[in-house]
Each structure stands twice: as C-alpha cells, then as structure tokens.
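**Student:** What follows is the file my_file.cif, containing mmCIF, C-alpha atoms:
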```
data_work
loop_
_atom_site.group_PDB
_atom_site.id
_atom_site.type_symbol
_atom_site.label_atom_id
_atom_site.label_comp_id
_atom_site.auth_asym_id
_atom_site.auth_seq_id
_atom_site.Cartn_x
_atom_site.Cartn_y
_atom_site.Cartn_z
ATOM 1 C CA MET X 1 64.012 82.871 -125.486
ATOM 2 C CA LYS X 2 66.009 82.091 -122.357
ATOM 3 C CA GLN X 3 69.486 83.598 -122.279
ATOM 4 C CA TYR X 4 72.451 83.080 -119.960
ATOM 5 C CA LEU X 5 75.423 85.295 -119.151
ATOM 6 C CA CYS X 6 78.442 82.976 -119.139
ATOM 7 C CA VAL X 7 81.759 84.210 -117.779
ATOM 8 C CA ASP X 8 85.095 82.424 -118.051
ATOM 9 C CA ILE X 9 87.772 83.736 -115.648
ATOM 10 C CA ASP X 10 91.274 82.910 -116.821
ATOM 11 C CA ASN X 11 94.481 84.502 -115.542
ATOM 12 C CA SER X 12 94.226 88.258 -116.137
ATOM 13 C CA ALA X 13 91.042 88.404 -118.202
ATOM 14 C CA ILE X 14 87.327 87.704 -118.188
ATOM 15 C CA ARG X 15 85.866 86.264 -121.363
ATOM 16 C CA TYR X 16 82.076 86.478 -121.463
ATOM 17 C CA SER X 17 79.237 85.502 -123.765
ATOM 18 C CA VAL X 18 75.472 85.624 -123.740
ATOM 19 C CA LEU X 19 74.163 82.280 -124.941
ATOM 20 C CA SER X 20 70.733 80.929 -125.689
ATOM 21 C CA LYS X 21 69.410 77.591 -124.489
ATOM 22 C CA GLU X 22 70.289 76.282 -127.949
ATOM 23 C CA LEU X 23 73.923 77.462 -127.459
ATOM 24 C CA ASP X 24 73.705 80.321 -129.931
ATOM 25 C CA ILE X 25 76.232 83.037 -128.999
ATOM 26 C CA LEU X 26 74.269 86.301 -128.956
ATOM 27 C CA ASP X 27 76.900 88.629 -127.525
ATOM 28 C CA SER X 28 80.496 88.320 -126.349
ATOM 29 C CA GLY X 29 83.492 90.297 -125.129
ATOM 30 C CA ARG X 30 86.658 90.339 -123.072
ATOM 31 C CA ILE X 31 87.625 92.392 -120.005
ATOM 32 C CA THR X 32 91.114 92.705 -118.542
ATOM 33 C CA ILE X 33 91.172 92.277 -114.766
ATOM 34 C CA GLY X 34 93.632 92.512 -111.896
ATOM 35 C CA MET X 35 94.725 89.424 -110.006
ATOM 36 C CA GLU X 36 95.755 90.840 -106.637
ATOM 37 C CA ASN X 37 92.543 90.589 -104.597
ATOM 38 C CA LYS X 38 88.807 89.866 -104.593
ATOM 39 C CA GLU X 39 87.826 93.470 -105.316
ATOM 40 C CA GLN X 40 89.758 93.445 -108.595
ATOM 41 C CA LEU X 41 87.853 90.332 -109.604
ATOM 42 C CA PHE X 42 84.394 91.264 -108.315
ATOM 43 C CA THR X 43 84.192 94.871 -109.549
ATOM 44 C CA PRO X 44 84.166 94.031 -113.293
ATOM 45 C CA LEU X 45 81.832 91.069 -112.677
ATOM 46 C CA ILE X 46 79.301 93.279 -110.912
ATOM 47 C CA GLU X 47 79.496 95.939 -113.640
ATOM 48 C CA LEU X 48 79.110 93.297 -116.327
ATOM 49 C CA ALA X 49 76.049 91.839 -114.610
ATOM 50 C CA LYS X 50 74.412 95.290 -114.369
ATOM 51 C CA GLY X 51 74.424 95.582 -118.138
ATOM 52 C CA TYR X 52 72.480 92.349 -118.554
ATOM 53 C CA ARG X 53 70.156 92.402 -115.530
ATOM 54 C CA GLY X 54 66.607 91.651 -116.615
ATOM 55 C CA ARG X 55 67.799 90.297 -119.969
ATOM 56 C CA VAL X 56 69.304 86.985 -118.795
ATOM 57 C CA GLU X 57 68.261 84.187 -116.469
ATOM 58 C CA GLY X 58 71.456 84.685 -114.500
ATOM 59 C CA MET X 59 75.238 84.460 -114.566
ATOM 60 C CA SER X 60 77.264 81.250 -114.789
ATOM 61 C CA ILE X 61 80.977 81.573 -113.965
ATOM 62 C CA THR X 62 83.824 79.175 -114.682
ATOM 63 C CA MET X 63 87.161 79.675 -112.946
ATOM 64 C CA PRO X 64 90.287 77.805 -111.823
ATOM 65 C CA GLY X 65 90.356 76.104 -108.455
ATOM 66 C CA VAL X 66 88.556 73.569 -106.291
ATOM 67 C CA ILE X 67 84.863 74.466 -106.393
ATOM 68 C CA ASP X 68 81.766 73.121 -104.612
ATOM 69 C CA MET X 69 79.201 73.981 -107.269
ATOM 70 C CA VAL X 70 76.098 73.313 -105.139
ATOM 71 C CA LYS X 71 77.240 75.530 -102.253
ATOM 72 C CA GLY X 72 78.955 78.032 -104.549
ATOM 73 C CA MET X 73 82.168 77.710 -102.526
ATOM 74 C CA ALA X 74 85.593 78.390 -104.013
ATOM 75 C CA TYR X 75 87.980 76.465 -101.770
ATOM 76 C CA SER X 76 90.923 77.554 -103.931
ATOM 77 C CA GLY X 77 91.403 79.645 -107.046
ATOM 78 C CA GLY X 78 94.302 78.214 -109.007
ATOM 79 C CA VAL X 79 96.279 81.232 -110.247
ATOM 80 C CA PHE X 80 94.227 83.424 -107.895
ATOM 81 C CA ARG X 81 96.291 82.511 -104.858
ATOM 82 C CA TRP X 82 94.255 84.585 -102.413
ATOM 83 C CA VAL X 83 91.089 82.512 -102.921
ATOM 84 C CA HIS X 84 90.497 80.346 -99.861
ATOM 85 C CA ASN X 85 87.085 79.054 -98.719
ATOM 86 C CA GLU X 86 85.163 81.874 -100.415
ATOM 87 C CA PRO X 87 81.329 81.652 -100.844
ATOM 88 C CA TYR X 88 81.516 83.333 -104.243
ATOM 89 C CA GLY X 89 78.226 82.016 -105.597
ATOM 90 C CA GLU X 90 76.203 83.412 -102.710
ATOM 91 C CA GLU X 91 78.155 86.680 -102.540
ATOM 92 C CA LEU X 92 77.840 87.440 -106.230
ATOM 93 C CA SER X 93 74.151 86.497 -106.251
ATOM 94 C CA GLN X 94 73.569 89.122 -103.555
ATOM 95 C CA LEU X 95 75.805 91.752 -105.172
ATOM 96 C CA THR X 96 74.414 91.354 -108.689
ATOM 97 C CA GLY X 97 70.777 90.685 -107.826
ATOM 98 C CA MET X 98 70.726 87.713 -110.178
ATOM 99 C CA ARG X 99 71.222 84.020 -109.722
ATOM 100 C CA THR X 100 74.969 83.324 -110.021
ATOM 101 C CA VAL X 101 76.600 79.897 -110.094
ATOM 102 C CA ILE X 102 80.269 78.920 -110.268
ATOM 103 C CA ALA X 103 82.170 75.878 -111.476
ATOM 104 C CA ASN X 104 85.753 74.774 -111.981
ATOM 105 C CA ASP X 105 86.776 75.646 -115.551
ATOM 106 C CA ALA X 106 87.910 72.143 -116.534
ATOM 107 C CA LYS X 107 84.764 70.604 -115.088
ATOM 108 C CA ALA X 108 82.684 73.124 -117.019
ATOM 109 C CA ALA X 109 84.369 71.961 -120.225
ATOM 110 C CA GLY X 110 83.573 68.412 -119.193
ATOM 111 C CA MET X 111 79.927 69.300 -118.625
ATOM 112 C CA ALA X 112 79.728 70.657 -122.178
ATOM 113 C CA GLU X 113 80.995 67.340 -123.511
ATOM 114 C CA ILE X 114 78.682 65.355 -121.202
ATOM 115 C CA GLY X 115 75.637 67.402 -122.095
ATOM 116 C CA TYR X 116 76.174 68.137 -125.764
ATOM 117 C CA GLY X 117 79.401 66.626 -127.087
ATOM 118 C CA SER X 118 81.928 63.792 -127.086
ATOM 119 C CA LEU X 119 80.981 62.384 -123.654
ATOM 120 C CA LYS X 120 77.230 62.430 -124.210
ATOM 121 C CA GLY X 121 75.873 58.945 -123.606
ATOM 122 C CA ILE X 122 79.246 57.685 -122.324
ATOM 123 C CA ASP X 123 78.849 55.728 -119.082
ATOM 124 C CA ASN X 124 82.506 55.885 -118.002
ATOM 125 C CA GLY X 125 84.921 58.341 -119.563
ATOM 126 C CA ILE X 126 87.733 60.843 -119.094
ATOM 127 C CA MET X 127 88.370 64.309 -120.454
ATOM 128 C CA LEU X 128 91.831 65.858 -120.462
ATOM 129 C CA LEU X 129 92.402 69.535 -121.262
ATOM 130 C CA ILE X 130 95.976 70.032 -122.410
ATOM 131 C CA LEU X 131 98.424 72.703 -123.573
ATOM 132 C CA GLY X 132 97.805 75.242 -120.879
ATOM 133 C CA GLY X 133 99.509 75.934 -117.573
ATOM 134 C CA GLY X 134 98.247 72.610 -116.223
ATOM 135 C CA ILE X 135 96.198 69.575 -117.189
ATOM 136 C CA GLY X 136 92.479 69.863 -116.618
ATOM 137 C CA GLY X 137 90.743 66.577 -115.893
ATOM 138 C CA VAL X 138 87.169 65.332 -115.717
ATOM 139 C CA ILE X 139 86.109 61.807 -114.763
ATOM 140 C CA VAL X 140 82.679 60.494 -115.767
ATOM 141 C CA HIS X 141 81.176 57.560 -113.847
ATOM 142 C CA HIS X 142 77.743 56.161 -114.705
ATOM 143 C CA GLY X 143 77.144 59.171 -116.925
ATOM 144 C CA GLN X 144 77.781 61.677 -114.136
ATOM 145 C CA MET X 145 80.802 63.873 -113.494
ATOM 146 C CA MET X 146 82.682 62.764 -110.393
ATOM 147 C CA GLU X 147 83.477 65.509 -107.886
ATOM 148 C CA GLY X 148 85.158 63.521 -105.116
ATOM 149 C CA ALA X 149 85.034 63.893 -101.352
ATOM 150 C CA HIS X 150 86.755 67.296 -101.552
ATOM 151 C CA TYR X 151 85.539 68.383 -105.042
ATOM 152 C CA ALA X 152 88.984 67.631 -106.489
ATOM 153 C CA ALA X 153 88.330 64.471 -108.528
ATOM 154 C CA GLY X 154 90.077 64.834 -111.863
ATOM 155 C CA GLU X 155 92.904 67.073 -110.620
ATOM 156 C CA VAL X 156 95.326 65.061 -112.719
ATOM 157 C CA SER X 157 97.829 67.931 -112.939
ATOM 158 C CA TYR X 158 99.348 66.716 -109.681
ATOM 159 C CA MET X 159 99.883 63.084 -110.704
ATOM 160 C CA ARG X 160 103.514 62.015 -110.307
ATOM 161 C CA GLY X 161 105.463 60.272 -113.005
ATOM 162 C CA ASP X 162 109.104 59.156 -112.910
ATOM 163 C CA TYR X 163 109.729 57.592 -109.500
ATOM 164 C CA LYS X 164 113.437 58.474 -109.801
ATOM 165 C CA GLU X 165 112.581 62.180 -109.440
ATOM 166 C CA ARG X 166 110.422 62.048 -106.346
ATOM 167 C CA ASP X 167 111.476 65.485 -105.126
ATOM 168 C CA GLY X 168 111.233 67.239 -108.473
ATOM 169 C CA ALA X 169 108.223 68.995 -109.954
ATOM 170 C CA TYR X 170 109.040 68.008 -113.507
ATOM 171 C CA CYS X 171 107.618 64.533 -113.053
ATOM 172 C CA MET X 172 104.165 65.953 -112.398
ATOM 173 C CA PHE X 173 101.655 65.629 -115.254
ATOM 174 C CA ALA X 174 101.175 69.419 -115.328
ATOM 175 C CA GLU X 175 104.894 69.962 -115.895
ATOM 176 C CA THR X 176 105.580 67.008 -118.152
ATOM 177 C CA ASN X 177 102.800 67.921 -120.575
ATOM 178 C CA SER X 178 102.526 71.685 -120.244
ATOM 179 C CA ILE X 179 102.665 73.980 -123.258
ATOM 180 C CA ASN X 180 106.250 74.869 -122.285
ATOM 181 C CA SER X 181 107.185 71.205 -122.244
ATOM 182 C CA LEU X 182 105.920 70.771 -125.809
ATOM 183 C CA ALA X 183 108.072 73.687 -126.956
ATOM 184 C CA LYS X 184 111.088 72.296 -125.081
ATOM 185 C CA CYS X 185 110.711 68.846 -126.641
ATOM 186 C CA VAL X 186 110.616 70.331 -130.130
ATOM 187 C CA GLU X 187 113.460 72.777 -129.461
ATOM 188 C CA GLU X 188 115.699 69.938 -128.283
ATOM 189 C CA GLU X 189 115.119 68.048 -131.521
ATOM 190 C CA THR X 190 115.289 71.001 -133.930
ATOM 191 C CA GLY X 191 118.024 73.031 -132.231
ATOM 192 C CA SER X 192 115.727 76.060 -132.487
ATOM 193 C CA GLY X 193 115.164 78.261 -129.463
ATOM 194 C CA ASN X 194 112.028 80.096 -130.524
ATOM 195 C CA MET X 195 109.376 77.426 -130.876
ATOM 196 C CA ASN X 196 105.767 78.074 -129.910
ATOM 197 C CA VAL X 197 102.516 76.215 -130.503
ATOM 198 C CA ILE X 198 101.680 78.015 -133.749
ATOM 199 C CA ARG X 199 105.092 77.294 -135.297
ATOM 200 C CA ILE X 200 104.976 73.695 -134.104
ATOM 201 C CA MET X 201 101.550 73.064 -135.618
ATOM 202 C CA MET X 202 102.576 74.677 -138.897
ATOM 203 C CA LYS X 203 105.673 72.486 -139.113
ATOM 204 C CA LEU X 204 103.615 69.411 -138.276
ATOM 205 C CA GLN X 205 101.568 70.121 -141.383
ATOM 206 C CA MET X 206 104.821 70.333 -143.346
ATOM 207 C CA HIS X 207 105.931 66.936 -141.945
ATOM 208 C CA ASP X 208 109.153 68.405 -140.536
ATOM 209 C CA GLU X 209 110.970 65.305 -139.219
ATOM 210 C CA ALA X 210 112.682 67.000 -136.275
ATOM 211 C CA VAL X 211 109.417 68.592 -135.143
ATOM 212 C CA LEU X 212 107.606 65.271 -135.531
ATOM 213 C CA LYS X 213 110.224 63.603 -133.337
ATOM 214 C CA GLY X 214 109.826 66.227 -130.598
ATOM 215 C CA VAL X 215 106.035 66.081 -130.658
ATOM 216 C CA ARG X 216 106.166 62.285 -130.620
ATOM 217 C CA LYS X 217 108.234 62.399 -127.406
ATOM 218 C CA TYR X 218 105.704 64.759 -125.832
ATOM 219 C CA CYS X 219 102.819 62.492 -126.867
ATOM 220 C CA ASP X 220 104.587 59.405 -125.491
ATOM 221 C CA TRP X 221 104.864 61.096 -122.105
ATOM 222 C CA MET X 222 101.180 61.953 -122.239
ATOM 223 C CA ALA X 223 100.317 58.372 -123.131
ATOM 224 C CA ASP X 224 102.075 57.194 -119.959
ATOM 225 C CA TYR X 225 99.794 59.347 -117.825
ATOM 226 C CA ILE X 226 96.697 58.325 -119.773
ATOM 227 C CA TYR X 227 97.642 54.713 -119.124
ATOM 228 C CA ASN X 228 98.005 55.431 -115.395
ATOM 229 C CA VAL X 229 94.609 57.152 -115.216
ATOM 230 C CA GLN X 230 93.027 54.303 -117.179
ATOM 231 C CA CYS X 231 94.321 51.786 -114.628
ATOM 232 C CA VAL X 232 92.101 53.515 -112.051
ATOM 233 C CA VAL X 233 89.113 54.712 -114.073
ATOM 234 C CA ASP X 234 88.667 51.986 -116.731
ATOM 235 C CA ALA X 235 87.103 54.455 -119.172
ATOM 236 C CA SER X 236 85.636 53.542 -122.525
ATOM 237 C CA ARG X 237 86.565 56.922 -124.013
ATOM 238 C CA VAL X 238 89.201 59.602 -123.415
ATOM 239 C CA VAL X 239 88.381 63.040 -124.802
ATOM 240 C CA ILE X 240 91.299 65.361 -125.587
ATOM 241 C CA GLY X 241 90.464 69.060 -125.450
ATOM 242 C CA GLY X 242 92.083 72.370 -124.653
ATOM 243 C CA ASN X 243 93.827 74.945 -126.781
ATOM 244 C CA ILE X 244 94.641 72.865 -129.855
ATOM 245 C CA ASP X 245 92.310 71.267 -132.374
ATOM 246 C CA ASP X 246 94.930 70.312 -134.950
ATOM 247 C CA PRO X 247 93.935 66.896 -136.408
ATOM 248 C CA ALA X 248 97.563 65.814 -136.913
ATOM 249 C CA PHE X 249 98.384 66.521 -133.268
ATOM 250 C CA ILE X 250 95.322 64.644 -132.012
ATOM 251 C CA GLU X 251 96.231 61.707 -134.263
ATOM 252 C CA MET X 252 99.758 61.621 -132.791
ATOM 253 C CA ILE X 253 98.275 61.401 -129.284
ATOM 254 C CA LYS X 254 96.090 58.488 -130.427
ATOM 255 C CA GLN X 255 99.106 56.717 -131.890
ATOM 256 C CA ALA X 256 101.124 57.238 -128.702
ATOM 257 C CA VAL X 257 98.327 55.781 -126.574
ATOM 258 C CA ARG X 258 98.148 52.785 -128.909
ATOM 259 C CA ARG X 259 101.908 52.246 -128.591
ATOM 260 C CA ARG X 260 101.772 52.482 -124.815
ATOM 261 C CA PHE X 261 98.984 49.942 -124.442
ATOM 262 C CA ASP X 262 100.631 47.609 -126.974
ATOM 263 C CA SER X 263 103.979 47.731 -125.156
ATOM 264 C CA VAL X 264 102.917 46.841 -121.603
ATOM 265 C CA PRO X 265 103.689 43.247 -120.571
ATOM 266 C CA TYR X 266 100.303 42.580 -118.932
ATOM 267 C CA HIS X 267 97.383 43.196 -121.280
ATOM 268 C CA VAL X 268 94.704 43.411 -118.608
ATOM 269 C CA ILE X 269 93.963 47.147 -118.898
ATOM 270 C CA TRP X 270 91.424 48.008 -121.568
ATOM 271 C CA GLU X 271 92.657 50.522 -124.134
ATOM 272 C CA PRO X 272 90.160 53.389 -124.316
ATOM 273 C CA GLU X 273 88.974 55.088 -127.459
ATOM 274 C CA VAL X 274 90.721 58.463 -127.829
ATOM 275 C CA VAL X 275 88.731 61.247 -129.491
ATOM 276 C CA GLU X 276 88.979 65.011 -129.696
ATOM 277 C CA SER X 277 86.738 67.476 -127.922
ATOM 278 C CA THR X 278 83.604 68.607 -129.734
ATOM 279 C CA PHE X 279 83.904 72.215 -128.570
ATOM 280 C CA HIS X 280 87.572 72.959 -127.768
ATOM 281 C CA SER X 281 87.906 76.659 -126.840
ATOM 282 C CA ASP X 282 84.119 77.124 -126.486
ATOM 283 C CA ALA X 283 83.684 74.150 -124.141
ATOM 284 C CA ARG X 284 83.762 76.144 -120.905
ATOM 285 C CA MET X 285 81.091 78.570 -122.136
ATOM 286 C CA PHE X 286 78.769 75.778 -123.253
ATOM 287 C CA GLY X 287 79.438 73.941 -119.997
ATOM 288 C CA ALA X 288 78.471 77.083 -118.102
ATOM 289 C CA VAL X 289 75.042 76.948 -119.774
ATOM 290 C CA TYR X 290 74.691 73.267 -118.872
ATOM 291 C CA ASN X 291 75.688 73.947 -115.256
ATOM 292 C CA PHE X 292 73.244 76.838 -114.859
ATOM 293 C CA ARG X 293 70.329 74.883 -116.302
ATOM 294 C CA HIS X 294 70.905 71.691 -114.297
ATOM 295 C CA LEU X 295 72.411 72.827 -110.983
ATOM 296 C CA LYS X 296 70.239 73.088 -107.871
ATOM 297 C CA THR X 297 72.038 75.655 -105.756
ATOM 298 C CA ALA X 298 71.824 75.756 -101.986
ATOM 299 C CA TYR X 299 72.047 79.541 -101.642
ATOM 300 C CA TYR X 300 69.820 81.411 -104.084
ATOM 301 C CA ASP X 301 66.062 81.811 -103.677
ATOM 302 C CA GLY X 302 65.464 84.768 -105.966
#
```
Turn the structure described in the file into structure tokens.
**Tutor:**
Amino acid sequence: MKQYLCVDIDNSAIRYSVLSKELDILDSGRITIGMENKEQLFTPLIELAKGYRGRVEGMSITMPGVIDMVKGMAYSGGVFRWVHNEPYGEELSQLTGMRTVIANDAKAAGMAEIGYGSLKGIDNGIMLLILGGGIGGVIVHHGQMMEGAHYAAGEVSYMRGDYKERDGAYCMFAETNSINSLAKCVEEETGSGNMNVIRIMMKLQMHDEAVLKGVRKYCDWMADYIYNVQCVVDASRVVIGGNIDDPAFIEMIKQAVRRRFDSVPYHVIWEPEVVESTFHSDARMFGAVYNFRHLKTAYYDG
C-alpha cells in the first residue's frame, strides 16, 4: 500500500500525517518550530523525514507563500518573511533522500476539492478559505487550477474594496474578512469585548439577535468580494472552506451572496452556487496527496 508523508507548515508549527492513496490517515502529529530562519524550519523537517524513510513514497509539503510547484521554488513564504526565491523542493529532496514536493497551502486545499471533493467535475469554479489571517483563494478553469504568470492566481487577500479608503489596509479582502474582523463586527453589535469564533458560533446556534446582526454584516462584506471575483471568473460554483464548518454560518454566507446578486442594478453576472468545503481542516493534507501523485517535478530523479 502506497503511503505519503504530508506536512502542513502553518505559523509556528508543523502538522503532519501519513496518508494512504485512499486518504486513510495512518499516523499524525504536530511539531512546534521556530520562524526566524531556514534552519529552524528545515531541521525538524529533515528529522521527521528520517523517521519515515523507506516507509513512504516521499514527502509532500504545503506552506504559505507564492510557490512554483513544478520547480519546487518558494518565491515567498507568507508569515515566513525570510523566504525569497528558495528552491525548497530540490534542497529538501537532497537533504532527506526522498522525493519532496511543495505547494501553496490554499492551493493544496483547492487540489483536494478538485481531486476528491466539492470542485471535482467542476469546469470553472472558485474556492475561498476564510477565517484565518488572510483569505486563501483557488481559481479553477477548464477543470484545472490556475497558477498565473507568477504563480499568484487566486491571491484574493490583496483585493481592494472601498474606493474611499485607497490608502488604508482595512479595505483589503484579507482585512475586511479576517477572523479578527468577524469578532469586531459581533463585538460592535453585542457590546461585548471578548468575542471569539467559538463563542460566536455557539451564540449563532442560540439565535442571539445581536450576534446574528454582526455576522450578517461580516457576510455582506464577503458577498461584495465574491461578487467582484465572479465578475472576472464567471464560476459555476464557489466553495467556502477554512476553519469553520458550522452549517448556520455557511448558510448566512449563501444568503448574503443571494442578497448581493439580487441587489445589483445590472443582472448580467451569473450568480454562482455556493457550497461548503468537503474536507475543511483536512483539505491541505488531502491536497498534498493529490499534488504528490499528479505532479511531475523538474528536480528529482531518485
């Protein structure tokens, strides 16, 4: 049975799993890492690989940043500010002695949905990963994930919103619909200063009117950006993924999108179907399997 070591790098930790071709999770764990330099990142990866050498087909890594998957190049690293034009796929293949591939974390989640989930069989679609530090985006065209001329297609975090705030960061999609923005919207409506995602979701289930009003504002802002993306992509389906799989929250996003498309004066933009992710928090791991099995790398001949 073929097995794959899948590693998700996120902020100050490595989350890893050994998965089968059928996506069965055979082993898993978490390692705290430093964020100051490459050595702090590579050392635990190399040690982790040693423990599985000979038992897995190779290692598939997902991480923040702009990534050329075929060349294994990390042009940037998101929260890892020191990453700049680094051939991480080739370097780690040599250091670990096993085939190692890398992919952007949001695009890995998209690959899971394309290969096994909510975007499978969809010719043109969008995936948005929300409620983190930014907004992950994946664009599907003719059944294939778009990478763009500089491997940055789908970097919707940097889309601008309110034209009246051209010099401010708050009108960026990543700021408008971050996890902190959700808490702020709800706090403004409830008068409470200690809201977090767990409390918000619990109060949604209780139909707390003030919380509903705050979440509705947040969802309306998100619907504006979805409308803007749809004007360019013309997708048949938008998949919402990320850190929350609460059905009530997903339904409120659907309702907000419906309101936005109903309210525009020119009904020439097709309203996409909005669905939730199949895999949510496991999407990046499953996408790592898909990437490893389908990617033809330019740097590993082992």
**Student:** Taking the file as I've supplied it (selection: the PyMOL selection byres ((chain X and resi 133) around 6)), which residues are included? Please answer as a short mmCIF file (atom, residue, chain, number, x, y, z; two decimals) with C-alpha atoms, in the coordinates of the input.
**Tutor:**
```cif
data_model
loop_
_atom_site.label_atom_id
_atom_site.label_comp_id
_atom_site.auth_asym_id
_atom_site.auth_seq_id
_atom_site.Cartn_x
_atom_site.Cartn_y
_atom_site.Cartn_z
CA GLY X 132 97.80 75.24 -120.88
CA GLY X 134 98.25 72.61 -116.22
CA SER X 178 102.53 71.68 -120.24
#
```
**Student:** Counting only C-alpha atoms, which residue out of X:Gly137, X:Gly115, X:Gly72, X:Gly193 sits closest to X:Phe279?
**Tutor:**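 The closest residue to X:Phe279 is X:Gly115.
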**Student:** Can you report as JSON the centre and edge lengths in Å, to one decimal, of an axis-aligned box around the listed atoms of stretch 256-271 of chain X padded with 8 Å on each side?
**Tutor:**
```
{"center_x": 97.7, "center_y": 49.9, "center_z": -123.8, "size_x": 28.6, "size_y": 30.7, "size_z": 26.3}
```
**Student:** Which polymer residues have any atom within 8 Å of an atom of stretch 232-245 of chain X, counting all atoms listed in the file, with same-chain residues fewer than 5 positions away left out, as an NGL selection string?
**Tutor:** :X and (118-119 or 122-132 or 139 or 250 or 269-277 or 279-281)
**Student:** Work out how far atom CA of X:Gly214 is from atom CA of X:Glu187, in Å to one decimal.
**Tutor:**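 Rounded to one decimal, the two atoms are 7.6 Å apart.
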**Student:** What do you get, as an NGL selection string, if you spell out every residue that the PyMOL selection byres ((chain X and resi 35-43) around 7) selects here?
**Tutor:** :X and (12 or 33-34 or 44-47 or 80 or 82)
**Student:** Give me the residues near X:Leu26 as a VMD selection string, where near means some atom within 12 Å (using all atoms listed in the file) and where sequence neighbours in that chain fewer than 5 positions away do not count.
**Tutor:** chain X and resid 1 to 6 16 to 21 55 to 56
**Student:** I'd like the contact shell of X:Asn177 - 8 Å cut-off, all atoms listed in the file, skipping same-chain residues fewer than 2 positions apart - returned as an MDAnalysis selection string.
**Tutor:** chainID X and resid 130:131 134:135 173:175 179:182 218 221:222
**Student:** Mind giving me the straight-line distance from atom CA of X:His267 to atom CA of X:Lys217 in Å, one decimal?
**Tutor:** 22.9 Å
**Student:** Please write the residues picked by the PyMOL selection byres ((chain X and resi 204) around 12) on this file as a PyMOL selection string.
**Tutor:** chain X and resi 186+197-203+205-216+246-252
**Student:** What gap, in Å, lies between atom CA of X:Gly121 and atom CA of X:Lys254?
**Tutor:**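 Separating atom CA of X:Gly121 from atom CA of X:Lys254 is a distance of 21.3 Å.
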**Student:** Could you pull the residues within 6 Å of stretch 285-296 of chain X, counting only C-alpha atoms, minus those fewer than 4 positions along the same chain, as a list in words?
**Tutor:**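 Skipping anything fewer than 4 positions along the chain leaves Cys6, Ser60, Ala108, Ala109, Met111 and Ala112 of chain X.
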**Student:** Could those selected residues go to a file with C-alpha atoms, as a JSON list (two decimals), keeping the file's coordinate frame?
**Tutor:**
```
[["chain", "number", "residue", "atom", "x", "y", "z"],
["X", 6, "CYS", "CA", 78.44, 82.98, -119.14],
["X", 60, "SER", "CA", 77.26, 81.25, -114.79],
["X", 108, "ALA", "CA", 82.68, 73.12, -117.02],
["X", 109, "ALA", "CA", 84.37, 71.96, -120.22],
["X", 111, "MET", "CA", 79.93, 69.30, -118.62],
["X", 112, "ALA", "CA", 79.73, 70.66, -122.18]]
```
**Student:** Skipping near chain neighbours, those fewer than 4 positions away, what residues fall within 12 Å of X:Gly65 using all atoms listed in the file, listed as an mmCIF file with C-alpha atoms, in the coordinates of the input?
**Tutor:**
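Writing done, so here's part-v1.cif:
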```cif
data_model
loop_
_atom_site.group_PDB
_atom_site.id
_atom_site.type_symbol
_atom_site.label_atom_id
_atom_site.label_comp_id
_atom_site.auth_asym_id
_atom_site.auth_seq_id
_atom_site.Cartn_x
_atom_site.Cartn_y
_atom_site.Cartn_z
ATOM 1 C CA ILE X 9 87.772 83.736 -115.648
ATOM 2 C CA ASP X 10 91.274 82.910 -116.821
ATOM 3 C CA ASN X 11 94.481 84.502 -115.542
ATOM 4 C CA MET X 69 79.201 73.981 -107.269
ATOM 5 C CA MET X 73 82.168 77.710 -102.526
ATOM 6 C CA ALA X 74 85.593 78.390 -104.013
ATOM 7 C CA TYR X 75 87.980 76.465 -101.770
ATOM 8 C CA SER X 76 90.923 77.554 -103.931
ATOM 9 C CA GLY X 77 91.403 79.645 -107.046
ATOM 10 C CA GLY X 78 94.302 78.214 -109.007
ATOM 11 C CA VAL X 79 96.279 81.232 -110.247
ATOM 12 C CA PHE X 80 94.227 83.424 -107.895
ATOM 13 C CA ARG X 81 96.291 82.511 -104.858
ATOM 14 C CA TRP X 82 94.255 84.585 -102.413
ATOM 15 C CA VAL X 83 91.089 82.512 -102.921
ATOM 16 C CA HIS X 84 90.497 80.346 -99.861
ATOM 17 C CA ASN X 85 87.085 79.054 -98.719
ATOM 18 C CA GLU X 86 85.163 81.874 -100.415
ATOM 19 C CA ILE X 102 80.269 78.920 -110.268
ATOM 20 C CA ALA X 103 82.170 75.878 -111.476
ATOM 21 C CA ASN X 104 85.753 74.774 -111.981
ATOM 22 C CA ASP X 105 86.776 75.646 -115.551
ATOM 23 C CA ALA X 106 87.910 72.143 -116.534
ATOM 24 C CA LYS X 107 84.764 70.604 -115.088
ATOM 25 C CA ALA X 108 82.684 73.124 -117.019
ATOM 26 C CA GLY X 134 98.247 72.610 -116.223
ATOM 27 C CA GLY X 136 92.479 69.863 -116.618
ATOM 28 C CA HIS X 150 86.755 67.296 -101.552
ATOM 29 C CA TYR X 151 85.539 68.383 -105.042
ATOM 30 C CA ALA X 152 88.984 67.631 -106.489
ATOM 31 C CA ALA X 153 88.330 64.471 -108.528
ATOM 32 C CA GLY X 154 90.077 64.834 -111.863
ATOM 33 C CA GLU X 155 92.904 67.073 -110.620
ATOM 34 C CA SER X 157 97.829 67.931 -112.939
#
```
**Student:** Of the residues X:Thr62, X:Ser28, X:Thr96, X:Asn194, which is the one nearest to X:Ala49, using all atoms listed in the file?
**Tutor:**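 Comparing X:Thr62, X:Ser28, X:Thr96, X:Asn194 against X:Ala49, the winner is X:Thr96.
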